[in-house]
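Student: Quick one: this structure, given as structure tokens, is what I'll be asking you about.
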Amino acid sequence: MTETLYSWSFDWKRQRWNLWYIIIISIAVWLIIWWFINKIYWLSFVIMILAWLMYFIENNSPDKINVVINELWIQVWTTFYDFWDISSFTIIYDKSTPYMLRLNLTKKGLKHLDLYITPDNASQIKNILLNFTQENWKQDLSFIEKMTRLLKL
């Protein structure tokens, strides 16, 4: 049995304001009506499928994610990531406050795994991970990620 070096949890549900839902639903309904008027039925179907998918993903994701770091792997919820599958890590800051741990994975499909952290546990997590993988200082949020975070998408 391996020893747990560190563990924490964070809320996964995104807190969106009511106006966000009103704007998104209004745009979707307007697009569906517009495409029906112009007889572009397949685009209306695509919007309905995307809305259903978004609803399904939003309501079936856990409220809280548990993360456990031990000597062999990092466990995120029910998935295990071995340290040889992690090429490096980055602690991403928001106005000099650490808020996200980004694990850069060697897998082909999923390149990054973002885990929310607090300023209290950032230094402890960094010190533990430096024993198993290297830190990537150059990585930062892309423009799209910054806009997604700003708009709470």
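Letters A, B, ... go to the chains of the structure tokens in the order shown; residues in each chain start at 1; ligands are counted from 1 in the same order.
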Where does DSSP see strand (DSSP E) in segment 27-134 of chain A, if you list the residues as a ChimeraX atom specification?
Tutor: /A:64-70,73-76,79-82,86-94,97-105,112-116,134
Student: Which of these residues is nearest to Lys95 of chain A, using only C-alpha atoms: A:Glu135, A:Pro119, A:Val67, A:Met54?
Tutor: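 Between A:Glu135, A:Pro119, A:Val67, A:Met54, the residue approaching Lys95 of chain A most closely is A:Pro119.
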Student: For Thr2 of chain A, list every protein, DNA or RNA residue within 8 Å, evaluated using only C-alpha atoms, and leave out those in the same chain fewer than 6 positions away; present the list as a PyMOL selection string.
Tutor: chain A and resi 70-72
Student: If you run DSSP on the backbone here, which positions in segment 12-87 of chain A get alpha helix (DSSP H)? Please write them as a ChimeraX atom specification.
Tutor: /A:18-37,41-60
Student: For the residues in that selection, give me N, CA and C atoms as a CSV table (one decimal), in the first residue's frame.
Tutor:
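Output contents, as saved in again36.csv:
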```csv
chain,number,residue,atom,x,y,z
A,18,ASN,N,-27.6,34.2,-13.4
A,18,ASN,CA,-28.9,34.0,-14.1
A,18,ASN,C,-28.9,34.6,-15.5
A,19,LEU,N,-28.3,35.8,-15.6
A,19,LEU,CA,-28.2,36.5,-16.9
A,19,LEU,C,-27.5,35.6,-17.9
A,20,TRP,N,-26.5,34.9,-17.5
A,20,TRP,CA,-25.7,34.0,-18.4
A,20,TRP,C,-26.7,33.0,-19.1
A,21,TYR,N,-27.5,32.4,-18.3
A,21,TYR,CA,-28.5,31.4,-18.8
A,21,TYR,C,-29.5,32.0,-19.7
A,22,ILE,N,-30.0,33.2,-19.4
A,22,ILE,CA,-30.9,33.9,-20.2
A,22,ILE,C,-30.3,34.3,-21.5
A,23,ILE,N,-29.1,34.8,-21.6
A,23,ILE,CA,-28.5,35.1,-22.8
A,23,ILE,C,-28.3,33.9,-23.7
A,24,ILE,N,-27.7,32.8,-23.1
A,24,ILE,CA,-27.5,31.6,-23.9
A,24,ILE,C,-28.7,31.0,-24.5
A,25,ILE,N,-29.8,30.9,-23.7
A,25,ILE,CA,-31.1,30.3,-24.1
A,25,ILE,C,-31.7,31.2,-25.2
A,26,SER,N,-31.6,32.5,-25.0
A,26,SER,CA,-32.1,33.5,-26.0
A,26,SER,C,-31.4,33.3,-27.4
A,27,ILE,N,-30.1,33.2,-27.3
A,27,ILE,CA,-29.3,33.0,-28.6
A,27,ILE,C,-29.7,31.7,-29.2
A,28,ALA,N,-29.8,30.6,-28.4
A,28,ALA,CA,-30.1,29.3,-29.0
A,28,ALA,C,-31.5,29.3,-29.6
A,29,VAL,N,-32.5,29.9,-28.9
A,29,VAL,CA,-33.9,29.9,-29.5
A,29,VAL,C,-33.9,30.8,-30.7
A,30,TRP,N,-33.2,31.9,-30.7
A,30,TRP,CA,-33.2,32.8,-31.9
A,30,TRP,C,-32.6,32.1,-33.1
A,31,LEU,N,-31.5,31.3,-32.9
A,31,LEU,CA,-30.8,30.6,-33.9
A,31,LEU,C,-31.7,29.5,-34.5
A,32,ILE,N,-32.4,28.8,-33.6
A,32,ILE,CA,-33.3,27.7,-34.0
A,32,ILE,C,-34.4,28.3,-34.9
A,33,ILE,N,-35.0,29.4,-34.4
A,33,ILE,CA,-36.1,30.0,-35.2
A,33,ILE,C,-35.6,30.5,-36.5
A,34,TRP,N,-34.5,31.2,-36.5
A,34,TRP,CA,-33.9,31.7,-37.8
A,34,TRP,C,-33.6,30.6,-38.8
A,35,TRP,N,-33.0,29.5,-38.3
A,35,TRP,CA,-32.7,28.4,-39.2
A,35,TRP,C,-34.0,27.7,-39.7
A,36,PHE,N,-35.0,27.6,-38.9
A,36,PHE,CA,-36.3,27.0,-39.4
A,36,PHE,C,-36.9,27.9,-40.4
A,37,ILE,N,-36.8,29.2,-40.2
A,37,ILE,CA,-37.4,30.2,-41.3
A,37,ILE,C,-36.6,30.0,-42.6
A,41,TYR,N,-32.7,23.1,-41.4
A,41,TYR,CA,-33.2,22.3,-40.3
A,41,TYR,C,-32.1,21.6,-39.6
A,42,TRP,N,-31.0,21.2,-40.3
A,42,TRP,CA,-30.0,20.4,-39.6
A,42,TRP,C,-29.2,21.2,-38.6
A,43,LEU,N,-29.1,22.5,-38.8
A,43,LEU,CA,-28.4,23.4,-37.9
A,43,LEU,C,-29.2,23.5,-36.6
A,44,SER,N,-30.5,23.6,-36.7
A,44,SER,CA,-31.4,23.6,-35.6
A,44,SER,C,-31.2,22.3,-34.8
A,45,PHE,N,-31.1,21.2,-35.5
A,45,PHE,CA,-30.9,19.9,-34.8
A,45,PHE,C,-29.6,19.9,-34.1
A,46,VAL,N,-28.6,20.5,-34.7
A,46,VAL,CA,-27.2,20.5,-34.0
A,46,VAL,C,-27.3,21.3,-32.7
A,47,ILE,N,-28.0,22.5,-32.8
A,47,ILE,CA,-28.1,23.3,-31.6
A,47,ILE,C,-28.9,22.5,-30.5
A,48,MET,N,-29.9,21.8,-30.8
A,48,MET,CA,-30.7,21.1,-29.8
A,48,MET,C,-29.8,20.0,-29.2
A,49,ILE,N,-29.0,19.3,-30.1
A,49,ILE,CA,-28.1,18.2,-29.6
A,49,ILE,C,-27.1,18.8,-28.6
A,50,LEU,N,-26.5,20.0,-29.0
A,50,LEU,CA,-25.5,20.6,-28.2
A,50,LEU,C,-26.1,21.1,-26.8
A,51,ALA,N,-27.3,21.6,-26.9
A,51,ALA,CA,-27.9,22.0,-25.6
A,51,ALA,C,-28.2,20.8,-24.7
A,52,TRP,N,-28.6,19.7,-25.3
A,52,TRP,CA,-28.9,18.5,-24.5
A,52,TRP,C,-27.6,18.0,-23.9
A,53,LEU,N,-26.5,18.0,-24.7
A,53,LEU,CA,-25.2,17.5,-24.2
A,53,LEU,C,-24.7,18.4,-23.1
A,54,MET,N,-24.8,19.7,-23.2
A,54,MET,CA,-24.4,20.6,-22.2
A,54,MET,C,-25.2,20.4,-20.9
A,55,TYR,N,-26.5,20.2,-21.0
A,55,TYR,CA,-27.3,19.9,-19.9
A,55,TYR,C,-26.9,18.6,-19.2
A,56,PHE,N,-26.7,17.6,-20.0
A,56,PHE,CA,-26.3,16.3,-19.5
A,56,PHE,C,-25.0,16.3,-18.8
A,57,ILE,N,-24.0,17.0,-19.4
A,57,ILE,CA,-22.7,17.0,-18.7
A,57,ILE,C,-22.8,17.9,-17.4
A,58,GLU,N,-23.5,19.0,-17.5
A,58,GLU,CA,-23.6,19.9,-16.3
A,58,GLU,C,-24.3,19.1,-15.1
A,59,ASN,N,-25.2,18.3,-15.4
A,59,ASN,CA,-26.0,17.7,-14.3
A,59,ASN,C,-25.4,16.3,-13.9
A,60,ASN,N,-24.5,15.8,-14.6
A,60,ASN,CA,-23.9,14.5,-14.2
A,60,ASN,C,-22.5,14.6,-13.8
```
Student: Report, in Å to a single decimal, how far apart atom CA of Phe89 of chain A and atom CA of Arg102 of chain A are.
Tutor: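 Going from atom CA of Arg102 of chain A over to atom CA of Phe89 of chain A, I get 5.6 Å.
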Student: Would you kindly return, as a list of chain:residue names, each protein, DNA or RNA residue with an atom no farther than 12 Å from any atom of Phe80 of chain A, considering only C-alpha atoms and excluding same-chain residues fewer than 5 positions away?
Tutor: A:Asn66, A:Val67, A:Val68, A:Ile69, A:Asn70, A:Leu72, A:Trp73, A:Ile74, A:Gln75, A:Asp85, A:Ile86, A:Leu113
Student: Could you write out that same residue set with C-alpha atoms as a JSON list (two decimals), in the first residue's frame?
Tutor:
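again_28.json, freshly written:
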```json
[["chain", "number", "residue", "atom", "x", "y", "z"],
["A", 66, "ASN", "CA", -11.08, 14.80, -4.62],
["A", 67, "VAL", "CA", -7.37, 14.75, -5.51],
["A", 68, "VAL", "CA", -4.86, 12.43, -3.86],
["A", 69, "ILE", "CA", -1.10, 12.49, -4.47],
["A", 70, "ASN", "CA", 0.91, 9.46, -3.42],
["A", 72, "LEU", "CA", 3.10, 6.33, -7.57],
["A", 73, "TRP", "CA", 0.30, 8.41, -9.04],
["A", 74, "ILE", "CA", -2.15, 11.28, -8.73],
["A", 75, "GLN", "CA", -5.76, 10.26, -8.30],
["A", 85, "ASP", "CA", 2.25, 9.99, -17.78],
["A", 86, "ILE", "CA", 2.89, 13.54, -16.50],
["A", 113, "LEU", "CA", -5.43, 18.40, -16.64]]
```
Student: Quick one: distance from atom CA of Asp140 of chain A to atom CA of Thr4 of chain A in Å, one decimal?
Tutor: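 According to the coordinates, atom CA of Asp140 of chain A and atom CA of Thr4 of chain A are separated by 28.8 Å.
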Student: For Ser123 of chain A, which of A:Thr148, A:Thr90, A:Thr106, A:Ser142 is the closest residue, counting only C-alpha atoms?
Tutor: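 Closest residue, counting only C-alpha atoms: A:Thr90.
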Student: Which is closer to Asn104 of chain A than all the others in A:Ile117, A:Ile125, A:Leu5, A:Ile91, using only C-alpha atoms?
Tutor: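 Between A:Ile117, A:Ile125, A:Leu5, A:Ile91, the residue approaching Asn104 of chain A most closely is A:Ile91.
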Student: Closest to Tyr99 of chain A among A:Leu141, A:Ile65, A:Ile128, A:Val76, using only C-alpha atoms?
Tutor: A:Leu141
Student: One decimal, Å: what's the distance from atom CA of Trp137 of chain A over to atom CA of Leu101 of chain A, could you say?
Tutor: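 Straight-line distance from atom CA of Trp137 of chain A to atom CA of Leu101 of chain A works out to 12.0 Å.
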